[in-house]
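Asks: Got a structure for you, final-v3.tsv, holding TSV, C-alpha atoms and all ligand atoms.
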```tsv
chain	number	residue	atom	x	y	z
R	25	MET	CA	-7.25	-20.82	12.80
R	26	LYS	CA	-8.78	-18.83	15.69
R	27	GLY	CA	-9.33	-21.65	18.24
R	28	GLN	CA	-10.99	-21.36	21.63
R	29	GLU	CA	-11.37	-17.74	22.70
R	30	LEU	CA	-10.09	-16.59	26.08
R	31	ASP	CA	-9.98	-13.23	27.79
R	32	VAL	CA	-6.70	-14.13	29.54
R	33	ALA	CA	-4.24	-16.97	29.04
R	34	VAL	CA	-1.84	-17.40	31.95
R	35	VAL	CA	1.27	-19.29	30.89
R	36	GLY	CA	2.78	-21.11	33.87
R	37	ALA	CA	0.93	-22.43	36.94
R	38	SER	CA	3.53	-21.84	39.64
R	39	MET	CA	3.51	-19.06	42.27
R	40	ALA	CA	3.49	-16.09	39.85
R	41	GLY	CA	0.87	-17.51	37.47
R	42	LEU	CA	-1.41	-18.79	40.22
R	43	MET	CA	-1.18	-15.52	42.10
R	44	ALA	CA	-1.98	-13.55	38.91
R	45	ALA	CA	-4.98	-15.80	38.19
R	46	THR	CA	-6.17	-15.36	41.78
R	47	HIS	CA	-6.29	-11.58	41.43
R	48	LEU	CA	-7.88	-11.30	37.97
R	49	PRO	CA	-11.57	-10.25	37.80
R	50	LYS	CA	-13.82	-13.27	38.29
R	51	ASN	CA	-16.07	-12.50	35.30
R	52	LEU	CA	-13.28	-13.10	32.76
R	53	ASN	CA	-12.81	-16.26	30.73
R	54	ILE	CA	-9.37	-17.39	31.95
R	55	ALA	CA	-7.24	-20.47	31.33
R	56	ILE	CA	-3.89	-21.26	32.95
R	57	PHE	CA	-1.45	-23.63	31.24
R	58	ASP	CA	1.44	-25.71	32.57
R	59	PRO	CA	3.28	-28.79	31.28
R	60	ARG	CA	3.55	-30.08	34.85
R	61	LYS	CA	0.97	-32.73	35.60
R	62	THR	CA	1.03	-32.31	39.38
R	63	ILE	CA	0.78	-28.87	40.89
R	64	GLY	CA	3.72	-27.89	43.09
R	65	TYR	CA	6.09	-30.65	41.91
R	66	PRO	CA	8.95	-30.89	41.30
R	67	PHE	CA	9.42	-28.87	44.49
R	68	ARG	CA	12.45	-26.65	43.80
R	69	CYS	CA	12.34	-24.18	46.65
R	70	SER	CA	13.33	-23.78	50.30
R	71	GLY	CA	9.81	-22.56	50.97
R	72	PHE	CA	10.90	-19.47	52.92
R	73	ILE	CA	8.41	-16.59	52.69
R	74	ASN	CA	8.76	-13.41	54.70
R	75	LYS	CA	5.92	-12.80	57.15
R	76	LYS	CA	4.77	-9.56	55.53
R	77	SER	CA	4.20	-11.24	52.16
R	78	PHE	CA	2.68	-14.32	53.75
R	79	ASP	CA	0.13	-12.17	55.60
R	80	GLU	CA	-0.50	-9.72	52.74
R	81	PHE	CA	-1.31	-12.52	50.29
R	82	ASN	CA	-3.36	-14.37	52.90
R	83	LEU	CA	-1.48	-17.62	52.29
R	84	PRO	CA	-2.74	-20.81	53.98
R	85	LYS	CA	-1.46	-21.22	57.53
R	86	ARG	CA	-1.57	-25.01	57.26
R	87	ALA	CA	1.45	-24.77	54.90
R	88	ILE	CA	3.66	-23.31	57.67
R	89	GLN	CA	6.33	-25.75	58.84
R	90	ASN	CA	8.48	-23.43	60.93
R	91	GLY	CA	8.96	-19.81	61.95
R	92	ILE	CA	12.30	-18.01	61.52
R	93	ARG	CA	13.40	-15.26	63.89
R	94	PHE	CA	17.20	-15.13	63.45
R	95	LEU	CA	19.36	-14.80	60.37
R	96	ARG	CA	23.04	-15.69	60.67
R	97	VAL	CA	25.22	-14.33	57.87
R	98	VAL	CA	28.58	-16.05	57.62
R	99	HIS	CA	31.52	-14.72	55.63
R	100	CYS	CA	35.05	-16.15	55.91
R	101	ASN	CA	35.58	-16.72	59.64
R	102	GLN	CA	33.14	-14.06	60.74
R	103	HIS	CA	29.43	-14.03	61.26
R	104	ILE	CA	26.69	-11.62	62.20
R	105	LEU	CA	23.46	-12.68	63.86
R	106	PHE	CA	20.38	-10.62	63.05
R	107	ASP	CA	17.51	-10.85	65.53
R	108	THR	CA	14.16	-9.68	64.20
R	109	GLU	CA	12.69	-9.95	67.70
R	110	GLY	CA	9.65	-11.72	66.31
R	111	ILE	CA	8.85	-13.92	63.34
R	112	ALA	CA	10.66	-12.69	60.24
R	113	GLY	CA	9.21	-15.32	57.96
R	114	TYR	CA	7.95	-18.84	57.60
R	115	VAL	CA	9.36	-22.03	56.19
R	116	THR	CA	6.50	-23.47	54.19
R	117	GLU	CA	5.46	-26.56	52.29
R	118	ARG	CA	5.16	-24.66	49.01
R	119	PRO	CA	3.23	-27.35	47.06
R	120	MET	CA	0.49	-27.01	49.67
R	121	ILE	CA	0.25	-23.27	48.96
R	122	GLU	CA	0.07	-23.88	45.22
R	123	GLU	CA	-2.62	-26.56	45.70
R	124	GLU	CA	-4.71	-24.13	47.72
R	125	LEU	CA	-4.31	-21.38	45.10
R	126	VAL	CA	-5.45	-23.83	42.41
R	127	ALA	CA	-8.52	-24.80	44.44
R	128	GLY	CA	-9.37	-21.08	44.82
R	129	ILE	CA	-9.07	-20.21	41.12
R	130	GLU	CA	-10.96	-23.34	40.03
R	131	LYS	CA	-13.79	-22.26	42.33
R	132	ASN	CA	-13.78	-18.92	40.47
R	133	GLY	CA	-14.14	-20.70	37.13
R	134	VAL	CA	-10.53	-20.55	35.89
R	135	ASP	CA	-9.76	-23.44	33.55
R	136	VAL	CA	-6.61	-25.07	34.99
R	137	ARG	CA	-4.94	-26.98	32.17
R	138	LEU	CA	-2.18	-29.12	33.68
R	139	GLY	CA	-0.09	-31.35	31.41
R	140	GLU	CA	-0.61	-28.74	28.68
R	141	GLY	CA	2.46	-26.58	28.11
R	142	VAL	CA	2.42	-23.78	25.57
R	143	LYS	CA	4.44	-24.71	22.48
R	144	GLU	CA	4.11	-21.57	20.41
R	145	ILE	CA	2.81	-18.02	20.66
R	146	ASP	CA	2.05	-15.98	17.58
R	147	GLY	CA	0.47	-12.63	18.38
R	148	ASN	CA	-2.69	-13.47	20.33
R	149	SER	CA	-2.68	-17.11	19.27
R	150	ILE	CA	-1.40	-19.82	21.62
R	151	SER	CA	-0.69	-23.40	20.59
R	152	THR	CA	-0.39	-26.32	22.95
R	153	ARG	CA	-0.17	-29.98	22.01
R	154	LYS	CA	-3.89	-30.23	22.78
R	155	GLY	CA	-5.26	-27.23	20.94
R	156	ILE	CA	-5.13	-23.66	19.73
R	157	TYR	CA	-6.47	-20.70	21.71
R	158	SER	CA	-6.77	-17.01	21.07
R	159	ALA	CA	-6.41	-14.73	24.07
R	160	LYS	CA	-6.98	-10.98	24.44
R	161	TYR	CA	-4.25	-10.91	27.09
R	162	ILE	CA	-1.37	-13.29	27.74
R	163	ILE	CA	0.38	-13.35	31.11
R	164	GLY	CA	3.90	-14.75	31.04
R	165	ALA	CA	4.58	-16.61	34.30
R	166	ASP	CA	6.63	-19.39	32.77
R	167	GLY	CA	9.90	-18.99	34.62
R	168	ALA	CA	13.49	-18.66	33.51
R	169	GLY	CA	13.15	-20.04	29.97
R	170	SER	CA	9.93	-18.13	29.27
R	171	ILE	CA	8.31	-18.82	25.92
R	172	VAL	CA	6.21	-15.67	26.40
R	173	ARG	CA	9.34	-13.55	26.78
R	174	ASN	CA	10.88	-15.22	23.72
R	175	SER	CA	7.73	-14.54	21.67
R	176	LEU	CA	8.22	-10.82	22.37
R	177	GLY	CA	11.83	-11.01	21.20
R	178	ILE	CA	13.19	-10.38	24.69
R	179	LYS	CA	16.32	-12.36	25.49
R	180	ASN	CA	16.23	-14.69	28.49
R	181	PRO	CA	18.22	-13.45	31.50
R	182	SER	CA	21.40	-15.24	32.42
R	183	THR	CA	20.71	-18.15	34.76
R	184	THR	CA	22.64	-19.81	37.53
R	185	LEU	CA	22.70	-23.35	38.90
R	186	ALA	CA	21.37	-24.24	42.34
R	187	VAL	CA	21.13	-27.53	44.20
R	188	GLN	CA	19.27	-28.27	47.39
R	189	TYR	CA	18.51	-31.29	49.57
R	190	GLU	CA	16.74	-31.93	52.83
R	191	PHE	CA	19.32	-33.07	55.38
R	192	GLU	CA	18.90	-34.63	58.79
R	193	GLY	CA	21.07	-33.25	61.61
R	194	GLU	CA	20.87	-30.88	64.54
R	195	PHE	CA	19.67	-27.39	63.76
R	196	GLU	CA	18.55	-24.26	65.60
R	197	PRO	CA	14.92	-24.29	64.44
R	198	GLY	CA	14.45	-20.49	64.57
R	199	GLU	CA	17.67	-19.62	62.76
R	200	ALA	CA	18.33	-19.46	59.02
R	201	ILE	CA	21.97	-19.33	57.91
R	202	ILE	CA	23.46	-17.81	54.78
R	203	HIS	CA	27.12	-18.39	53.92
R	204	VAL	CA	28.15	-15.59	51.60
R	205	ALA	CA	30.56	-16.49	48.82
R	206	GLU	CA	34.25	-16.07	49.50
R	207	GLU	CA	37.43	-16.95	47.61
R	208	SER	CA	37.73	-20.45	49.08
R	209	MET	CA	34.02	-21.14	48.61
R	210	PRO	CA	32.80	-19.30	45.51
R	211	TYR	CA	29.09	-19.93	46.04
R	212	HIS	CA	26.32	-18.96	48.44
R	213	LEU	CA	25.05	-21.63	50.78
R	214	TRP	CA	21.85	-21.55	52.79
R	215	VAL	CA	20.44	-23.57	55.67
R	216	ILE	CA	16.69	-23.27	56.18
R	217	PRO	CA	15.56	-25.41	59.13
R	218	ILE	CA	12.19	-27.13	58.94
R	219	ASN	CA	12.60	-28.18	62.59
R	220	GLU	CA	15.48	-29.07	64.92
R	221	HIS	CA	16.19	-32.31	63.00
R	222	VAL	CA	15.73	-31.43	59.30
R	223	ALA	CA	16.88	-28.50	57.17
R	224	ARG	CA	16.82	-27.56	53.49
R	225	ILE	CA	20.44	-26.92	52.58
R	226	GLY	CA	21.31	-25.57	49.19
R	227	LYS	CA	23.92	-23.71	47.27
R	228	ARG	CA	24.17	-21.59	44.17
R	229	ARG	CA	27.04	-20.14	42.29
R	301	LIG	C1	16.79	-24.33	45.18
R	301	LIG	C2	15.90	-23.10	45.22
R	301	LIG	C3	15.44	-22.63	46.44
R	301	LIG	C4	14.62	-21.49	46.48
R	301	LIG	N1	14.17	-21.05	47.69
R	301	LIG	C5	13.36	-19.99	47.75
R	301	LIG	C6	12.83	-19.55	49.01
R	301	LIG	O1	13.07	-20.15	50.05
R	301	LIG	N2	12.01	-18.46	49.00
R	301	LIG	C7	11.70	-17.78	47.85
R	301	LIG	O2	10.96	-16.80	47.92
R	301	LIG	N3	12.19	-18.17	46.65
R	301	LIG	C8	13.00	-19.25	46.57
R	301	LIG	N4	13.47	-19.67	45.36
R	301	LIG	C9	13.09	-18.92	44.17
R	301	LIG	C10	11.67	-19.27	43.77
R	301	LIG	O3	11.54	-20.67	43.66
R	301	LIG	C11	11.33	-18.60	42.42
R	301	LIG	O4	11.56	-17.23	42.54
R	301	LIG	C12	9.87	-18.83	42.09
R	301	LIG	O5	9.62	-20.20	41.92
R	301	LIG	C13	9.52	-18.11	40.81
R	301	LIG	O6	8.16	-18.37	40.59
R	301	LIG	P1	7.54	-18.25	39.16
R	301	LIG	O7	6.08	-18.63	39.27
R	301	LIG	O8	7.90	-16.94	38.58
R	301	LIG	O9	8.36	-19.32	38.27
R	301	LIG	P2	8.58	-20.86	38.43
R	301	LIG	O10	8.33	-21.31	39.83
R	301	LIG	O11	9.88	-21.14	37.78
R	301	LIG	O12	7.41	-21.47	37.56
R	301	LIG	C14	7.35	-21.40	36.17
R	301	LIG	C15	6.21	-22.31	35.75
R	301	LIG	O13	6.02	-22.17	34.35
R	301	LIG	C16	5.85	-23.45	33.80
R	301	LIG	N5	6.23	-23.41	32.40
R	301	LIG	C17	7.48	-23.41	31.87
R	301	LIG	N6	7.41	-23.40	30.53
R	301	LIG	C18	6.09	-23.37	30.22
R	301	LIG	C19	5.37	-23.36	28.98
R	301	LIG	N7	6.00	-23.38	27.79
R	301	LIG	N8	4.03	-23.36	29.01
R	301	LIG	C20	3.34	-23.34	30.22
R	301	LIG	N9	3.99	-23.33	31.41
R	301	LIG	C21	5.32	-23.36	31.40
R	301	LIG	C22	6.74	-24.37	34.64
R	301	LIG	O14	6.35	-25.73	34.54
R	301	LIG	C23	6.49	-23.80	36.03
R	301	LIG	O15	5.39	-24.39	36.66
R	301	LIG	C24	14.28	-20.81	45.29
R	301	LIG	C25	14.74	-21.29	44.06
R	301	LIG	C26	15.53	-22.44	44.03
R	301	LIG	C27	15.99	-22.92	42.68
```
So that I can check it, write out the structure of this file as structure tokens.
Ligand SMILES: Cc1cc2nc3c(=O)[nH]c(=O)nc-3n(C[C@H](O)[C@H](O)[C@H](O)COP(=O)(O)OP(=O)(O)OC[C@H]3O[C@@H](n4cnc5c(N)ncnc54)[C@H](O)[C@@H]3O)c2cc1C
Replies:
Amino acid sequence: MKGQELDVAVVGASMAGLMAATHLPKNLNIAIFDPRKTIGYPFRCSGFINKKSFDEFNLPKRAIQNGIRFLRVVHCNQHILFDTEGIAGYVTERPMIEEELVAGIEKNGVDVRLGEGVKEIDGNSISTRKGIYSAKYIIGADGAGSIVRNSLGIKNPSTTLAVQYEFEGEFEPGEAIIHVAEESMPYHLWVIPINEHVARIGKRR
């Protein structure tokens, strides 16, 4: 069965997929698929974006929560403070950025199909639980367990676990902190302040 014909099917409507759909020619027949029903959630990110990328991709300023100037790198009992003497990057409300990207691509006629994950890919044919599509090009932007990558016979990369919460406390609002793994603490830990009272603190092995 041939199904609905598309020029481009973008698999995954997170940052990579939305950004790809934003930059594709507007005259193409494009659909973007994602099993998530609400764009941007679950929100699994500290939201830090370096200033150069933020500016280059013209991301929405209303998503900025904080500006970071200093980076403190801690290892064992020592630390180094880097001062960028300006704004190195922004802490952002990432779902807001994704919402704005969706609004932009919808305006350009991209069919945003939320709640519709891709189940199977066979050559140019894509099956979801709602239908079958044939696409001239398929863009794989479906994250760590990519079905697009699997369909090409490429093994998934090894993954690592990360946890993160928003904590209340007292923080230097312009300073991000990275604790580099050491023997007594075999994981990286980061502190990304949203303001002087709240920070996203996470760790990964
Ligand atoms: C705790 C944590 C904090 C982080 N903090 C930062 C940070 O501060 N700054 C930074 O730059 N990066 C950060 N990252 C990394 C960043 O989140 C990822 O690099 C980024 O999300 C990758 O974007 P992506 O679009 O490639 O994939 P993802 O964001 O993983 O999106 C993949 C999308 O594909 C969809 N999908 C999956 N399977 C299918 C399917 N079968 N069909 C259709 N769609 C599918 C998913 O629902 C999802 O929407 C952090 C990561 C974690 C875990």
Asks: Under the rule that all atoms listed in the file are counted, which of R:Glu80, R:Thr183, R:Val126, R:Gly147 is the nearest residue to R:Lys160?
Replies: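 Looking at the shortest contact to R:Lys160, the residue is R:Gly147.
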Asks: Find the spatial neighbours of R:Asn148, counting only C-alpha atoms, within a cut-off of 10 Å - ignore same-chain residues fewer than 2 positions away - and output them as a PyMOL selection string.
Replies: chain R and resi 26+29-30+33+145-146+150+157-162
Asks: In Å, with one decimal, what is the gap from atom O6 of ligand LIG 301 (chain R) to atom CA of R:Phe72?
Replies: 12.7 Å
Asks: Could I get the residue neighbourhood of ligand LIG 301 (chain R) at 6 Å, counting all atoms listed in the file, as a ChimeraX atom specification?
Replies: /R:35-41,57-60,68-73,141-143,165-167,170-171,186-188
Asks: Separation of atom CA of R:Pro66 and atom CA of R:Arg224, in Å?
Replies: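 Atom CA of R:Pro66 sits 14.9 Å away from atom CA of R:Arg224.
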Asks: Find, counting all atoms listed in the file, the residue in R:Phe195, R:Lys85, R:Arg228, R:Asp79 that gets nearest to R:Pro210.
Replies: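 For R:Pro210, the nearest of the candidates is R:Arg228.
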Asks: Identify, on the basis of all atoms listed in the file, every residue whose closest approach to R:Leu125 does not exceed 12 Å; exclude the query and any residue fewer than 5 positions from it along the same chain; express the result as a VMD selection string.
Replies: chain R and resid 37 to 47 63 to 64 81 to 84 87 118 to 120 130 to 132 134 136
Asks: Put a box with edges along x, y and z around all the listed atoms of stretch 193-210 of chain R, pad it by 8 Å on each side, then give me its centre and sizes in Å, one decimal, as lines of an AutoDock Vina configuration file.
Replies:
```
center_x = 26.1
center_y = -24.4
center_z = 55.6
size_x = 39.3
size_y = 33.7
size_z = 36.1
```
